[in-house]
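What follows is a set of notes on a single structure, which appears directly below.
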Number of protein chains: 2
Amino acid sequence: MKDITLKEIASKLGISITTVSKALKNYHDVSDKTKNAVVALAKELQYTPNSFAVNLRTKESKTIGLIVPELVHHFFSNVVNAIIDEAEKNGYLVIILQSNESLALEKKQIELLINKRVDGIIMSLSNESNNDAHIREIVDRKIPFVMFDKIAKLSKCSKVIINDQSAAFNAVQHLIDVGCKRIAHIRGPINPQNSVDRYIGYKKALEKNNIPFDSTLVYTCEKVNFEEGKYFAEQIINEHADIDGIFAITDLVAVGVLAYLNEKKINIPAQVAVIGFSNWFMSQVLTPKLSTVDQPSREMGIESFNLLLEEMTCYKEGLVFTPKTIELKTRTIIRESSMRKLM
Amino acid sequence: MKDITLKEIASKLGISITTVSKALKNYHDVSDKTKNAVVALAKELQYTPNSFAVNLRTKESKTIGLIVPELVHHFFSNVVNAIIDEAEKNGYLVIILQSNESLALEKKQIELLINKRVDGIIMSLSNESNNDAHIREIVDRKIPFVMFDKIAKLSKCSKVIINDQSAAFNAVQHLIDVGCKRIAHIRGPINPQNSVDRYIGYKKALEKNNIPFDSTLVYTCEKVNFEEGKYFAEQIINEHADIDGIFAITDLVAVGVLAYLNEKKINIPAQVAVIGFSNWFMSQVLTPKLSTVDQPSREMGIESFNLLLEEMTCYKEGLVFTPKTIELKTRTIIRESSMRKLM
């Protein structure tokens with residue numbers, strides 16, 4: 001008799017494989033109505049989990065690995081919190097490893113997680129990761145795997161991202177809309193895809209508005225922290241008296257910019273308008289309140305775990321899983337630091 | 001991932017399991033020809049020795065476990081960073097687990113770390129931990145173990161702490177020195193030793209200065225976050241028109257207090273002086289700059305790892321280790337939010 005798979009039950013009922021699997025395991029977060037429908041159909045089709053899947057299930061560690069570049073950035077700690085919450089709901093423990101932006105450490109940590117037999121891995125790349133050889137190892141070994149935010153574009157795995165290019169484009173377009181003509185960009189390091197994409201977005205916005213691109217207006221962070229924001233703000237002001245706008249790779253850096261400009265009594269936004277990226281809650285507490293791009297960190301964590309869960313479930317049931325890419329929406333948030341027309 | 005066993009490699013090559021095992025460990029009594037064949041096949045089959053076997057062989061996993069209540073608090077992410085740096089210098093990987101302030105999760109995570117055979121555990125307690133039964137399990141099982149910041153006073157293990165009582169006493173004494181007579185305290189949750197000690201320090205300072213203790217001036221946080229700071233500041237102002245000082249359990253809460261008072265155009269420090277705790281770098285970026293207590297988070301991480309390393313080394317060499325307690329110095333940092341005499 002032909003083997004009935006979860007996939008067939010799912011498609012017959014028009015629900016996800018994850019839901020079917022959860023229903024059969026009587027998870028609390030599936031409605032009784034759905035459970036009954038799934039169980040009835042499974043019975044009718046004489047569904048029996050194949051031995052391979054059963055055999056694998058006994059090998060589950062019910063732990064997943066999570067590798068992030070650093071936890072001190074609010075964005076990552078928010079994502080981590082969301083992943084832990086989702087994982088807990090589904091009975092998984094999360095092993096967190098911090099790569100400290102080091103490729104060497106990242107590689108060691110991947111090995112560690114594989115040796116510790118985690119059921120799946122969620123990861124955001126370190127700044128040093130300029131190729132995806134070590135990522136390919138995870139994919140080739142068929143370990144359920146999801147990347148978020150700082151991803152390797154070419155890797156054949158699920159990804160949860162935002163459109164950094166258009167988000168950055170919109171942020172810079174906003175600065176242009178409020179009259180900025182000489183806009184500096186404090187960009188992220190050279191490798192990360194998202195810092196490259198934000199830089200491209202910046203250039204495209206200038207181009208579209210016929211503002212000549214000036215490479216001396218681009219400053220590159222190494223540590224992407226508060227101190228670098230202050231440091232580059234000082235350089236920008238000293239080297240470009242005519243500057244009237246600054247777009248920073250992330251709020252933490254933008255906060256350093258505000259701190260320096262406030263210190264020097266340079267009027268924000270009248271003389272220099274500033275916009276950051278990520279919408280850190282602190283950006284609303286500052287004087288002036290910081291304009292930024294809202295980056296849905298919590299949703300990113302939730303989607304990442306659920307994609308991983310779907311892949312882990314398919315894997316357990318011996319089903320083929322096709323990687324998915326989820327792109328989350330962002331929006332430009334206009335606050336005092338760029339609210340020129342309303343001044 | 002299907003596990004490849006030595007047995008499968010042995011049978012595929014028609015040699016004994018012992019020979020395979022020896023070949024993989026590069027024993028001299030196995031011919032290079034055999035070694036090459038075994039290694040090549042192991043590679044091809046993606047054989048990974050399971051961690052249990054590795055541990056039995058090397059007796060150490062070169063990984064340590066770190067359990068913290070939450071990573072979103074800068075204090076904890078700073079400690080985590082310091083621990084990872086020290087661990088890496090000494091060839092250890094750090095498995096981080098976040099208890100989300102939950103005792104149940106904390107217990108599960110301790111079990112996980114023990115099962116994953118980490119060489120040692122560093123931990124700061126969750127707010128829910130009101131007894132040290134689960135801690136005793138680690139100690140009784142003779143697993144090298146260090147607690148920091150949020151500790152169980154009675155546990156027989158090494159500890160890295162500050163003197164929360166005297167640190168809080170000094171902070172409140174400072175508010176009194178600048179003329180505050182009606183001082184509210186936004187305290188931490190009921191269980192954690194450090195929030196209890198800071199509360200006692202607050203009371204002792206009032207007592208020493210013959211200021212009557214008024215329990216209605218004490219507000220208790222659950223989440224210890226920015227929002228609670230704003231929320232309690234509003235309550236304090238509405239319920240006590242005569243308030244002239246606020247001591248908050250931590251800077252994140254104090255920042256919420258500043259945000260509310262600024263919003264309501266209440267003069268800081270002239271009408272209400274504010275002091276926080278922990279010396280978050282952001283406390284210097286705010287208007288007004290926040291007075292606080294410097295809590296040496298980085299030193300705390302370094303000392304914690306080094307104490308653990310000392311215990312792990314004794315343990316490996318079969319020596320008796322006597323737990324130590326290291327108390328780090330704190331200092332009151334006076335900034336604009338309480339600089340009354342200089343106004």
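As shown in the structure tokens, the chain order sets the letters A, B, ...; within each chain, residues go from 1, and ligands are also counted from 1 in the order they appear.
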
Chain B near chain A within 9 Å: what's each residue's closest atom pair and its distance in Å to one decimal, counting only C-alpha atoms, ordered by chain then ascending residue number, as a tab-separated table?
residue	atom	partner	partner_atom	distance
B:Met1	CA	A:Ile143	CA	6.3
B:Lys2	CA	A:Leu56	CA	7.4
B:Gln46	CA	A:Arg141	CA	7.7
B:Thr48	CA	A:Asn115	CA	6.7
B:Pro49	CA	A:Asn115	CA	7.4
B:Asn50	CA	A:Asn115	CA	6.1
B:Ser51	CA	A:Asn115	CA	5.7
B:Phe52	CA	A:Lys116	CA	8.9
B:Thr63	CA	A:Leu112	CA	8.8
B:Glu70	CA	A:Asn81	CA	8.2
B:Leu71	CA	A:Ser77	CA	5.9
B:Val72	CA	A:Ser77	CA	5.1
B:His73	CA	A:Val72	CA	8.3
B:His74	CA	A:Val72	CA	6.3
B:Phe76	CA	A:Val72	CA	8.6
B:Ser77	CA	A:Val72	CA	5.1
B:Asn78	CA	A:Val72	CA	6.9
B:Val80	CA	A:Leu71	CA	8.4
B:Asn81	CA	A:Val72	CA	8.1
B:Ile84	CA	A:Gln98	CA	7.9
B:Asp85	CA	A:Asn100	CA	8.6
B:Glu88	CA	A:Leu105	CA	8.6
B:Leu93	CA	A:Gln109	CA	7.5
B:Val94	CA	A:Leu97	CA	6.7
B:Ile95	CA	A:Leu97	CA	5.8
B:Ile96	CA	A:Ile96	CA	4.8
B:Leu97	CA	A:Ile95	CA	5.8
B:Gln98	CA	A:Ile84	CA	7.9
B:Asn100	CA	A:Asn81	CA	8.0
B:Leu105	CA	A:Glu88	CA	8.6
B:Lys108	CA	A:Leu93	CA	8.3
B:Gln109	CA	A:Leu93	CA	7.5
B:Leu112	CA	A:Leu93	CA	8.4
B:Lys116	CA	A:Lys116	CA	6.9
B:Phe226	CA	A:Phe281	CA	8.9
B:Val255	CA	A:Val285	CA	8.1
B:Gly256	CA	A:Val285	CA	8.4
B:Leu258	CA	A:Val285	CA	8.8
B:Ala259	CA	A:Val285	CA	6.2
B:Phe281	CA	A:Phe226	CA	8.9
B:Met282	CA	A:Met282	CA	8.7
B:Val285	CA	A:Ala259	CA	6.2
B:Leu286	CA	A:Leu286	CA	6.1
B:Thr287	CA	A:Thr287	CA	6.9

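The protein and nucleic acid residues lying at most 12 Å from region 12-16 of chain B are Ile4, Thr5, Leu6, Lys7, Ser21, Lys22, Ala23, Val30, Lys33, Thr34, Lys35, Asn36, Ala37, Val38, Val39, Ala40, Leu41, Ala42 and Leu45 of chain B, with only C-alpha atoms considered and sequence neighbours fewer than 5 positions away removed.
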
Quiz item: Relative to chain B, what is the Cα RMSD of chain A after a least-squares superposition using every Cα atom paired in order?
Solution: 11.9 Å

Could you go through region 20-229 of chain A and tell me which residues DSSP, when run on the backbone, assigns to strand (DSSP E or B), listing them as a PDB file with C-alpha atoms, in the first residue's frame?
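Produced file states.pdb, reproduced below:
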ATOM      1  CA  THR A  63      17.251  21.414  21.667  1.00  0.00           C
ATOM      2  CA  ILE A  64      18.106  23.851  18.890  1.00  0.00           C
ATOM      3  CA  GLY A  65      21.243  25.909  18.414  1.00  0.00           C
ATOM      4  CA  LEU A  66      21.250  29.664  17.884  1.00  0.00           C
ATOM      5  CA  ILE A  67      24.387  31.506  16.727  1.00  0.00           C
ATOM      6  CA  VAL A  68      24.351  35.313  16.812  1.00  0.00           C
ATOM      7  CA  LEU A  93      15.463  24.451  24.631  1.00  0.00           C
ATOM      8  CA  VAL A  94      17.699  26.977  22.889  1.00  0.00           C
ATOM      9  CA  ILE A  95      21.486  26.787  23.094  1.00  0.00           C
ATOM     10  CA  ILE A  96      22.821  30.258  22.327  1.00  0.00           C
ATOM     11  CA  LEU A  97      26.329  30.878  21.033  1.00  0.00           C
ATOM     12  CA  GLN A  98      27.829  34.303  20.398  1.00  0.00           C
ATOM     13  CA  GLY A 120      18.238  22.354  14.145  1.00  0.00           C
ATOM     14  CA  ILE A 121      20.249  25.559  13.901  1.00  0.00           C
ATOM     15  CA  ILE A 122      19.245  29.224  13.559  1.00  0.00           C
ATOM     16  CA  MET A 123      21.994  31.664  12.700  1.00  0.00           C
ATOM     17  CA  PHE A 145      18.765  25.363   9.279  1.00  0.00           C
ATOM     18  CA  VAL A 146      17.433  28.934   9.124  1.00  0.00           C
ATOM     19  CA  MET A 147      19.387  32.171   8.658  1.00  0.00           C
ATOM     20  CA  PHE A 148      18.082  35.605   9.658  1.00  0.00           C
ATOM     21  CA  SER A 158      15.451  29.115   4.716  1.00  0.00           C
ATOM     22  CA  LYS A 159      15.955  32.818   5.412  1.00  0.00           C
ATOM     23  CA  VAL A 160      14.095  35.529   7.294  1.00  0.00           C
ATOM     24  CA  ILE A 161      15.108  38.964   6.106  1.00  0.00           C
ATOM     25  CA  ILE A 162      14.006  42.491   5.422  1.00  0.00           C
ATOM     26  CA  ILE A 183      24.068  63.410   3.073  1.00  0.00           C
ATOM     27  CA  ALA A 184      26.796  61.361   4.770  1.00  0.00           C
ATOM     28  CA  HIS A 185      26.387  57.632   5.341  1.00  0.00           C
ATOM     29  CA  ILE A 186      27.990  55.860   8.297  1.00  0.00           C
ATOM     30  CA  ARG A 187      27.894  52.336   6.890  1.00  0.00           C
ATOM     31  CA  VAL A 218      30.855  57.422   3.318  1.00  0.00           C
ATOM     32  CA  TYR A 219      32.360  56.273   6.650  1.00  0.00           C
ATOM     33  CA  THR A 220      32.767  52.574   7.475  1.00  0.00           C
TER      34      THR A 220
END
